[in-house]
Amino acid sequence: MAPDPVPTPIPASTQLHQPRYFTWEEVAQHSGREKERWLVIDRKVYNISDFTRRHPGGSRVISHYAGQDATDPFVAFHINKGLVRKYMNSLLIGELAPEQPSFEPTKNKELTDEFRELRATVERMGLMKANHLFFLLYLLHILLLDVAAWLTLWIFGTSLVPFFLCAVLLSVVQAQAGWLQHDFGHLSVFGTSTWNHLLHHFVIGHLKGAPASWWNHMHFQHHAKPNCFRKDPDINMHPLFFALGKVLSVELGKQKKKHMPYNHQHKYFFLIGPPALLPLYFQWYIFYFVVQRKKWVDLAWMLSFYARVFFTYMPLLGLKGFLGLFFIVRFLESNWFVWVTQMNHIPMHIDHDRNVDWVSTQLQATCNVHQSAFNDWFSGHLNFQIEHHLFPTMPRHNYHKVAPLVQSLCAKYGIKYKSKPLLSAFADIVYSLKESGQLWLDAYLHQ
């Protein structure tokens, strides 16, 4: 009987470079519920467990994709992907096994492939490049309105009419600065992160008195998983104050949970929603956020805003007049902010994360408002919410150019592309709250 052949030893260098293969089932088991968090980008498997706290976009936004394919959000959120990939090498633990599909079976392969082709087309068309003159003029119009507000009191005095005219002008400044900081925060103005971050600090910190880190922490989560319960902080008012969406409202009713009389939420929304969010919550929470997380640079930018408005308006109005003006401005800005930001999302599908593809995730949670010069200005171009969510780093002045391409993609795959008039969009917030409140009540009483 012939002796067994002696196996040829594999060189150490070959063993080191031999890839480790994983299945989607193995990846899904590392979704954060366990000790480790894994995610997949371009079929490569990364262990992000120790990296989440160092992630520049925040720990939660990257954790929301643990156990899932994150290729499309990775491409959507980063403007210098080559640089980022260098930092990712140390996190690489393997790749998907050759027989495994490139993403999970819950995702539409044809739709995803065609969207990636669309994105390549958009980049070739130059639609990801900003017109710097547009943003310069936009900043100048904010600064001019800011000066005009102060001159109104200085020239015409502090009687009732100039006082309220000044408040209206300052409210416009705050709302429009809010839309502009959104552009810098999304890295959609400059080709490098450094300049975007610097101007973001200036606009949100010095012109508005809010921390850039807080906005990044909240807003990127919203974009990663819009209208996904426990992943999108914009719907955190469910279930404490509101019952949102058909699925979650029925679920809440079946569980016999009643934190508020949700069947009346379309009425009390007018009290605790638009008028209260900024002056009664954000205004105070942002200071808690920066102190708790030791964001001292953000705090310095914020204090520069409060020092500026204090020393420019106190000599004209006195302490009581200054505080009155400040909170009237926050009240007016809050109404503007809430109606605009909620009109695209609250009436749409709200659910737990079902891990569907990028296009479906964004389209089921967003809708548009018809284009007009006023709507574009009033909403900071967030009337193109669909395009903004699909291409978050795209400069806003290009949304209308990519919209027909997105509409064609949606039509081909039977996806609803919703666009409506501005006032209808506002009304739909109230109608959707009334509907979900009634669904909660029916489930609470009868299921």
# chains A, B, ... in the order shown; residues from 1 in each chain; ligands from 1

call {"tool": "residues_around", "arguments": {"residues": "Trp24 (chain A)", "least_positions_apart": "6", "cutoff": "12 Å", "atoms": "only C-alpha atoms", "output": "number ranges by chain"}}
result
A: 30-31, 38-40, 43-45, 66-69, 95-106

call {"tool": "residues_around", "arguments": {"residues": "Lys231 (chain A)", "least_positions_apart": "2", "cutoff": "12 Å", "atoms": "only C-alpha atoms", "output": "PyMOL selection string"}}
result
chain A and resi 59-66+217-229+233-236+238+350-355

call {"tool": "write_last_selection", "arguments": {"atoms": "N, CA and C atoms", "output": "compact mmCIF listing (two decimals), in the first residue's frame"}}
result
# COMPACT_ATOMS: atom_id res chain seq x y z
N SER A 59 -21.19 57.86 15.57
CA SER A 59 -21.19 56.42 15.82
C SER A 59 -22.49 55.75 15.40
N ARG A 60 -23.58 56.46 15.54
CA ARG A 60 -24.87 55.82 15.28
C ARG A 60 -25.15 55.62 13.80
N VAL A 61 -24.78 56.61 12.99
CA VAL A 61 -25.13 56.51 11.57
C VAL A 61 -24.47 55.30 10.93
N ILE A 62 -23.25 55.00 11.28
CA ILE A 62 -22.57 53.83 10.70
C ILE A 62 -23.10 52.54 11.33
N SER A 63 -23.49 52.61 12.60
CA SER A 63 -24.02 51.43 13.29
C SER A 63 -25.38 51.01 12.74
N HIS A 64 -26.12 51.95 12.17
CA HIS A 64 -27.44 51.63 11.61
C HIS A 64 -27.34 50.67 10.44
N TYR A 65 -26.16 50.53 9.85
CA TYR A 65 -25.97 49.60 8.74
C TYR A 65 -25.22 48.34 9.17
N ALA A 66 -25.01 48.16 10.45
CA ALA A 66 -24.36 46.95 10.93
C ALA A 66 -25.18 45.72 10.54
N HIS A 217 -24.66 64.69 14.05
CA HIS A 217 -25.10 63.51 14.80
C HIS A 217 -26.55 63.16 14.47
N MET A 218 -27.41 64.17 14.40
CA MET A 218 -28.83 63.93 14.17
C MET A 218 -29.14 63.70 12.69
N HIS A 219 -28.61 64.58 11.84
CA HIS A 219 -29.10 64.63 10.47
C HIS A 219 -28.59 63.47 9.61
N PHE A 220 -27.37 63.03 9.83
CA PHE A 220 -26.87 61.92 9.03
C PHE A 220 -27.60 60.62 9.34
N GLN A 221 -28.04 60.46 10.59
CA GLN A 221 -28.87 59.30 10.91
C GLN A 221 -30.17 59.33 10.13
N HIS A 222 -30.76 60.53 10.07
CA HIS A 222 -32.01 60.69 9.32
C HIS A 222 -31.83 60.30 7.86
N HIS A 223 -30.73 60.70 7.26
CA HIS A 223 -30.50 60.37 5.85
C HIS A 223 -30.18 58.90 5.65
N ALA A 224 -29.49 58.30 6.59
CA ALA A 224 -29.12 56.89 6.45
C ALA A 224 -30.34 55.98 6.47
N LYS A 225 -31.27 56.27 7.38
CA LYS A 225 -32.46 55.43 7.53
C LYS A 225 -33.70 56.30 7.76
N PRO A 226 -34.14 57.05 6.74
CA PRO A 226 -35.27 57.95 6.94
C PRO A 226 -36.56 57.22 7.30
N ASN A 227 -37.25 57.76 8.30
CA ASN A 227 -38.53 57.23 8.76
C ASN A 227 -38.45 55.80 9.29
N CYS A 228 -37.25 55.38 9.69
CA CYS A 228 -37.09 54.06 10.32
C CYS A 228 -37.06 54.24 11.83
N PHE A 229 -38.01 53.66 12.50
CA PHE A 229 -38.15 53.80 13.96
C PHE A 229 -36.90 53.30 14.67
N PRO A 233 -33.70 59.87 14.08
CA PRO A 233 -34.07 60.70 15.24
C PRO A 233 -35.17 61.71 14.94
N ASP A 234 -35.44 61.97 13.66
CA ASP A 234 -36.50 62.92 13.32
C ASP A 234 -37.89 62.39 13.66
N ILE A 235 -38.02 61.10 13.91
CA ILE A 235 -39.32 60.57 14.32
C ILE A 235 -39.29 60.07 15.77
N ASN A 236 -38.36 60.63 16.54
CA ASN A 236 -38.27 60.23 17.95
C ASN A 236 -39.45 60.69 18.77
N HIS A 238 -42.31 59.78 18.26
CA HIS A 238 -43.10 58.56 18.41
C HIS A 238 -42.40 57.65 19.41
N ILE A 350 -43.73 55.13 7.37
CA ILE A 350 -42.92 55.10 8.59
C ILE A 350 -43.00 53.70 9.16
N ASP A 351 -41.86 53.10 9.46
CA ASP A 351 -41.85 51.69 9.84
C ASP A 351 -40.54 51.37 10.55
N HIS A 352 -40.37 50.13 10.97
CA HIS A 352 -39.08 49.63 11.42
C HIS A 352 -38.18 49.47 10.20
N ASP A 353 -36.90 49.33 10.41
CA ASP A 353 -35.96 49.13 9.31
C ASP A 353 -36.19 47.75 8.70
N ARG A 354 -36.56 47.72 7.42
CA ARG A 354 -36.80 46.46 6.71
C ARG A 354 -35.61 46.10 5.81
N ASN A 355 -34.54 46.88 5.86
CA ASN A 355 -33.32 46.62 5.11
C ASN A 355 -33.59 46.45 3.62

call {"tool": "select_by_dssp", "arguments": {"residues": "region 51-116 of chain A", "states": "strand (DSSP E)", "output": "NGL selection string"}}
result
:A and (92-96)

call {"tool": "write_last_selection", "arguments": {"atoms": "all heavy atoms", "output": "CSV table (one decimal), in the first residue's frame"}}
result
chain,number,residue,atom,x,y,z
A,92,LEU,N,-10.8,45.8,7.5
A,92,LEU,CA,-11.2,44.7,6.6
A,92,LEU,C,-10.9,43.4,7.2
A,92,LEU,O,-9.8,43.1,7.7
A,92,LEU,CB,-10.4,44.9,5.3
A,92,LEU,CG,-10.7,43.9,4.2
A,92,LEU,CD1,-12.1,44.0,3.7
A,92,LEU,CD2,-9.7,44.0,3.0
A,93,ILE,N,-11.9,42.5,7.3
A,93,ILE,CA,-11.7,41.2,7.8
A,93,ILE,C,-12.0,40.1,6.8
A,93,ILE,O,-11.8,38.9,7.1
A,93,ILE,CB,-12.6,41.0,9.1
A,93,ILE,CG1,-14.1,41.1,8.7
A,93,ILE,CG2,-12.2,41.9,10.2
A,93,ILE,CD1,-15.1,40.7,9.8
A,94,GLY,N,-12.4,40.4,5.6
A,94,GLY,CA,-12.7,39.4,4.6
A,94,GLY,C,-13.6,39.9,3.5
A,94,GLY,O,-13.8,41.2,3.3
A,95,GLU,N,-14.3,39.0,2.8
A,95,GLU,CA,-15.2,39.4,1.8
A,95,GLU,C,-16.3,38.4,1.7
A,95,GLU,O,-16.2,37.3,2.3
A,95,GLU,CB,-14.5,39.6,0.5
A,95,GLU,CG,-13.7,38.4,0.0
A,95,GLU,CD,-12.9,38.6,-1.3
A,95,GLU,OE1,-11.8,39.3,-1.1
A,95,GLU,OE2,-13.3,38.2,-2.3
A,96,LEU,N,-17.3,38.7,0.9
A,96,LEU,CA,-18.4,37.8,0.7
A,96,LEU,C,-17.9,36.6,-0.1
A,96,LEU,O,-17.0,36.7,-1.0
A,96,LEU,CB,-19.5,38.4,-0.1
A,96,LEU,CG,-20.3,39.5,0.7
A,96,LEU,CD1,-21.3,40.2,-0.2
A,96,LEU,CD2,-21.0,38.9,1.9

call {"tool": "atom_distance", "arguments": {"atom1": "CA of Tyr313 (chain A)", "atom2": "CA of Trp150 (chain A)"}}
result
7.5 Å

call {"tool": "residues_around", "arguments": {"residues": "Phe270 (chain A)", "least_positions_apart": "5", "cutoff": "10 Å", "atoms": "only C-alpha atoms", "output": "PyMOL selection string"}}
result
chain A and resi 265+275-276+335+430

call {"tool": "write_last_selection", "arguments": {"atoms": "all heavy atoms", "output": "tab-separated table (two decimals), in the first residue's frame"}}
result
chain	number	residue	atom	x	y	z
A	265	GLN	N	-54.10	64.09	18.06
A	265	GLN	CA	-52.76	64.63	17.82
A	265	GLN	C	-52.73	65.64	16.67
A	265	GLN	O	-51.87	66.53	16.65
A	265	GLN	CB	-51.77	63.50	17.55
A	265	GLN	CG	-52.05	62.66	16.32
A	265	GLN	CD	-51.07	61.49	16.19
A	265	GLN	OE1	-50.21	61.27	17.03
A	265	GLN	NE2	-51.19	60.73	15.10
A	275	PRO	N	-44.80	75.62	16.87
A	275	PRO	CA	-44.39	76.77	17.69
A	275	PRO	C	-43.38	76.46	18.78
A	275	PRO	O	-42.68	77.36	19.26
A	275	PRO	CB	-45.71	77.25	18.31
A	275	PRO	CG	-46.64	76.11	18.24
A	275	PRO	CD	-46.18	75.20	17.16
A	276	ALA	N	-43.26	75.20	19.17
A	276	ALA	CA	-42.51	74.88	20.39
A	276	ALA	C	-41.15	74.23	20.17
A	276	ALA	O	-40.29	74.30	21.06
A	276	ALA	CB	-43.35	73.98	21.29
A	335	ASN	N	-41.80	77.73	13.55
A	335	ASN	CA	-42.94	77.41	12.69
A	335	ASN	C	-42.49	77.15	11.26
A	335	ASN	O	-42.93	76.18	10.63
A	335	ASN	CB	-43.96	78.56	12.73
A	335	ASN	CG	-44.84	78.51	13.96
A	335	ASN	OD1	-45.85	77.83	13.98
A	335	ASN	ND2	-44.44	79.24	15.00
A	430	VAL	N	-51.10	67.29	8.67
A	430	VAL	CA	-52.23	67.22	9.59
A	430	VAL	C	-53.12	66.02	9.27
A	430	VAL	O	-53.53	65.28	10.17
A	430	VAL	CB	-53.05	68.52	9.53
A	430	VAL	CG1	-54.22	68.48	10.53
A	430	VAL	CG2	-52.15	69.72	9.83

call {"tool": "closest_residue", "arguments": {"among": "A:Lys107, A:Lys434, A:Lys129, A:His345", "to": "His389 (chain A)", "atoms": "only C-alpha atoms"}}
result
A:His345

call {"tool": "select_by_dssp", "arguments": {"residues": "region 110-250 of chain A", "states": "helix (DSSP H, G or I)", "output": "JSON, numbers by chain"}}
result
{"A": [110, 111, 112, 113, 114, 115, 116, 117, 118, 119, 120, 121, 122, 123, 124, 132, 133, 134, 135, 136, 137, 138, 139, 140, 141, 142, 143, 144, 145, 146, 147, 148, 149, 150, 151, 152, 153, 154, 155, 156, 160, 161, 162, 163, 164, 165, 166, 167, 168, 169, 170, 171, 172, 173, 174, 175, 176, 177, 178, 179, 180, 181, 182, 183, 184, 185, 193, 194, 195, 196, 197, 198, 199, 200, 201, 202, 203, 204, 205, 206, 207, 212, 213, 214, 215, 216, 217, 218, 219, 220, 221, 222, 223, 224, 233, 234, 235, 246, 247, 248, 249, 250]}

call {"tool": "closest_residue", "arguments": {"among": "A:Val356, A:Ile286, A:Leu299, A:Val173", "to": "Ala149 (chain A)", "atoms": "only C-alpha atoms"}}
result
A:Val173
